[in-house]
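Structure first, commentary second.
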Amino acid sequence: MIKVSAGLMMFRWTTRGSLEVLLGHPGGPLYANKDDGHWGIPKGHVEPHETVLAAAFREFAEETGLTPAVDTLLPLGTIIERSGKVVHAWAFQGDCDTCLPVNSNLFAMEWPRRSGKTQLFPEIDRLAFFDTHTARQKIEQVQRQFIWRLETMLSGKANRPIA
């Protein structure tokens with residue numbers, strides 16, 4: 001069975017007209033000291049009873065604690081991760097305060113390894129806006145396609161900051 005995930009990429013324009021995208025850093029001890037190449041868009045699995053788009057909105061809210069107010073969605077298409085998982089994504093213009101603590105859902109894992117103890121960790125422990133050049137360094141390699149696709153779609157639009 002093919003695993004399917006869906007997510008949303010928030011973007012904003014700076015006052016200088018530069019494009020920035022919001023990325024999340026995975027929580028938990030396995031990613032505590034990892035940075036470049038490990039960030040990603042808020043995304044997750046599609047439940048059997050929901051549409052891919054509904055899953056994207058649910059996962060964004062669960063992983064960021066934010067409810068996106070969306071006027072327009074830009075389809076970013078799909079990518080296939082190394083594991084074979086298919087990821088669908090959309091972009092939307094928005095803004096948030098990344099200085100506030102992230103209110104992400106939690107996952108359980110045995111930690112320390114082979115200890116028999118289960119601990120809870122946030123799926124995303126940090127959110128940050130990055131200019132697209134930096135975002136391509138931070139994001140998982142296969143997800144870079146989402147940034148390129150967004151830039152291509154917006155290249156014909158005026159670079160206007162959010163009011």
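Each chain of the structure tokens is named A, B, ... in the order shown, its residues numbered from 1; ligands are numbered from 1 in display order.
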Can you tell me which residues surround stretch 89-99 of chain A at a distance of at most 8 Å, considering only C-alpha atoms, apart from same-chain residues fewer than 4 positions away, and format the answer as a compact mmCIF listing (two decimals) with N, CA and C atoms, in the first residue's frame?
# COMPACT_ATOMS: atom_id res chain seq x y z
N ALA A 6 0.06 14.83 3.17
CA ALA A 6 -0.34 16.12 2.61
C ALA A 6 0.07 17.23 3.55
N GLY A 7 0.39 18.40 2.98
CA GLY A 7 0.82 19.51 3.82
C GLY A 7 0.60 20.86 3.15
N LEU A 8 0.84 21.88 3.95
CA LEU A 8 0.71 23.27 3.50
C LEU A 8 2.02 24.00 3.74
N MET A 9 2.38 24.87 2.79
CA MET A 9 3.55 25.73 2.94
C MET A 9 3.07 27.18 3.01
N MET A 10 3.26 27.80 4.17
CA MET A 10 2.92 29.22 4.31
C MET A 10 4.07 30.04 3.74
N PHE A 11 3.72 31.12 3.03
CA PHE A 11 4.75 32.03 2.54
C PHE A 11 4.33 33.46 2.82
N ARG A 12 5.31 34.33 2.82
CA ARG A 12 5.04 35.76 3.01
C ARG A 12 6.06 36.56 2.22
N ALA A 56 -4.19 18.00 4.62
CA ALA A 56 -3.17 19.05 4.62
C ALA A 56 -3.50 20.13 5.66
N PRO A 68 -4.81 28.11 9.53
CA PRO A 68 -4.56 29.02 8.41
C PRO A 68 -5.85 29.67 7.90
N ALA A 69 -5.79 30.98 7.76
CA ALA A 69 -6.88 31.73 7.12
C ALA A 69 -6.46 31.87 5.66
N VAL A 70 -7.11 31.10 4.81
CA VAL A 70 -6.65 31.00 3.43
C VAL A 70 -7.69 31.55 2.47
N ASP A 71 -7.27 32.50 1.65
CA ASP A 71 -8.11 33.00 0.56
C ASP A 71 -7.83 32.22 -0.71
N THR A 72 -6.56 31.96 -0.96
CA THR A 72 -6.14 31.30 -2.19
C THR A 72 -5.10 30.24 -1.89
N LEU A 73 -5.27 29.08 -2.47
CA LEU A 73 -4.28 28.01 -2.36
C LEU A 73 -3.58 27.86 -3.70
N LEU A 74 -2.27 27.71 -3.65
CA LEU A 74 -1.49 27.46 -4.85
C LEU A 74 -1.06 25.99 -4.82
N PRO A 75 -1.48 25.19 -5.79
CA PRO A 75 -1.10 23.78 -5.78
C PRO A 75 0.38 23.61 -6.12
N LEU A 76 1.10 22.92 -5.24
CA LEU A 76 2.53 22.68 -5.45
C LEU A 76 2.79 21.29 -6.01
N GLY A 77 1.72 20.54 -6.23
CA GLY A 77 1.87 19.21 -6.82
C GLY A 77 2.30 18.17 -5.80
N THR A 78 2.95 17.14 -6.30
CA THR A 78 3.37 16.03 -5.44
C THR A 78 4.86 15.78 -5.61
N ARG A 126 10.27 23.72 16.40
CA ARG A 126 10.55 25.11 16.02
C ARG A 126 9.92 25.41 14.68
N LEU A 127 9.48 26.65 14.52
CA LEU A 127 9.01 27.16 13.24
C LEU A 127 9.85 28.39 12.91
N ALA A 128 10.15 28.57 11.63
CA ALA A 128 10.91 29.75 11.24
C ALA A 128 10.61 30.08 9.78
N PHE A 129 10.63 31.38 9.48
CA PHE A 129 10.56 31.82 8.10
C PHE A 129 11.99 31.94 7.58
N PHE A 146 9.16 21.85 -3.84
CA PHE A 146 8.03 22.70 -3.48
C PHE A 146 8.43 24.17 -3.52
N LEU A 150 6.90 26.98 -6.07
CA LEU A 150 6.29 28.22 -5.55
C LEU A 150 6.94 29.43 -6.19
N ILE A 162 2.76 41.52 3.09
CA ILE A 162 1.45 41.35 3.73
C ILE A 162 1.17 42.58 4.57
Open item on the list: Can you tell me which residues surround stretch 107-122 of chain A at a distance of at most 9 Å, considering only C-alpha atoms, apart from same-chain residues fewer than 5 positions away, and format the answer as a PyMOL selection string?
Closed with: chain A and resi 26-29+63+102
Those same residues, written as a short mmCIF file (atom, residue, chain, number, x, y, z; two decimals), in the first residue's frame with N, CA and C atoms?
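The new file again_25.cif reads:
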data_model
loop_
_atom_site.label_atom_id
_atom_site.label_comp_id
_atom_site.auth_asym_id
_atom_site.auth_seq_id
_atom_site.Cartn_x
_atom_site.Cartn_y
_atom_site.Cartn_z
N PRO A 26 11.79 19.17 12.92
CA PRO A 26 11.23 18.02 13.62
C PRO A 26 11.69 17.95 15.07
N GLY A 27 10.74 17.61 15.94
CA GLY A 27 11.05 17.49 17.36
C GLY A 27 11.61 16.13 17.71
N GLY A 28 11.98 16.00 18.95
CA GLY A 28 12.48 14.72 19.44
C GLY A 28 13.99 14.67 19.47
N PRO A 29 14.51 13.74 20.22
CA PRO A 29 15.97 13.66 20.42
C PRO A 29 16.76 13.28 19.17
N GLU A 63 0.41 20.28 13.66
CA GLU A 63 1.85 20.40 13.83
C GLU A 63 2.31 21.80 14.19
N VAL A 102 5.92 26.75 19.86
CA VAL A 102 5.14 25.96 18.92
C VAL A 102 4.19 25.07 19.69
#
- [ ] May I ask which of the residues A:Thr67, A:Thr152, A:Met1, A:Leu23 is the closest one to A:Ala135, counting only C-alpha atoms?
- [x]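 Closest to A:Ala135, using only C-alpha atoms: A:Leu23.
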Task: Polymer residues at most 6 Å from stretch 36-42 of chain A, only C-alpha atoms, same-chain spacing of 3 or more positions, as a list in words - done: Gly7, Met9, Leu23, Gly24, His25, Phe60, Gln137, Lys138, Ile139 and Glu140 of chain A
Open item on the list: Using Å and a single decimal, report how far atom CA of A:His45 sits from atom CA of A:Asp131.
Closed with: 27.1 Å
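Picture a line from atom CA of A:Ile147 to atom CA of A:Leu106; it runs 26.8 Å.
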Task: Backbone-only DSSP, strand (DSSP E) members of stretch 2-138 of chain A, as a PyMOL selection string - done: chain A and resi 4-13+19-26+43-45+74-80+86-93+106-110+118-122+124-131
Task: For A:Tyr31, the nearest of the candidates A:Leu19, A:Val46, A:Leu53, A:Ile124, counting only C-alpha atoms - done: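 Checking each candidate against A:Tyr31, we get A:Ile124 as the closest.
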Open item on the list: What parts of stretch 30-88 of chain A does DSSP call alpha helix (DSSP H)? I'd like the answer as number ranges by chain.
Closed with: A: 52-64
Using C-alpha atoms, can you write the selected residues to a file as an mmCIF file, in the first residue's frame?
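Done, and the output landed in out-v1.cif:
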data_model
loop_
_atom_site.group_PDB
_atom_site.id
_atom_site.type_symbol
_atom_site.label_atom_id
_atom_site.label_comp_id
_atom_site.auth_asym_id
_atom_site.auth_seq_id
_atom_site.Cartn_x
_atom_site.Cartn_y
_atom_site.Cartn_z
ATOM 1 C CA VAL A 52 -5.946 14.937 0.692
ATOM 2 C CA LEU A 53 -6.658 18.674 1.039
ATOM 3 C CA ALA A 54 -8.510 18.199 4.351
ATOM 4 C CA ALA A 55 -5.510 16.215 5.624
ATOM 5 C CA ALA A 56 -3.167 19.055 4.621
ATOM 6 C CA PHE A 57 -5.190 21.565 6.675
ATOM 7 C CA ARG A 58 -5.513 19.172 9.646
ATOM 8 C CA GLU A 59 -1.816 18.336 9.686
ATOM 9 C CA PHE A 60 -0.801 21.994 9.414
ATOM 10 C CA ALA A 61 -2.992 22.846 12.413
ATOM 11 C CA GLU A 62 -1.842 19.830 14.450
ATOM 12 C CA GLU A 63 1.846 20.401 13.828
ATOM 13 C CA THR A 64 1.956 24.191 14.150
#
Open item on the list: Using Å and a single decimal, report how far atom CA of A:Leu154 sits from atom CA of A:Phe130.
Closed with: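 Computing it gives 16.3 Å between the two atoms.
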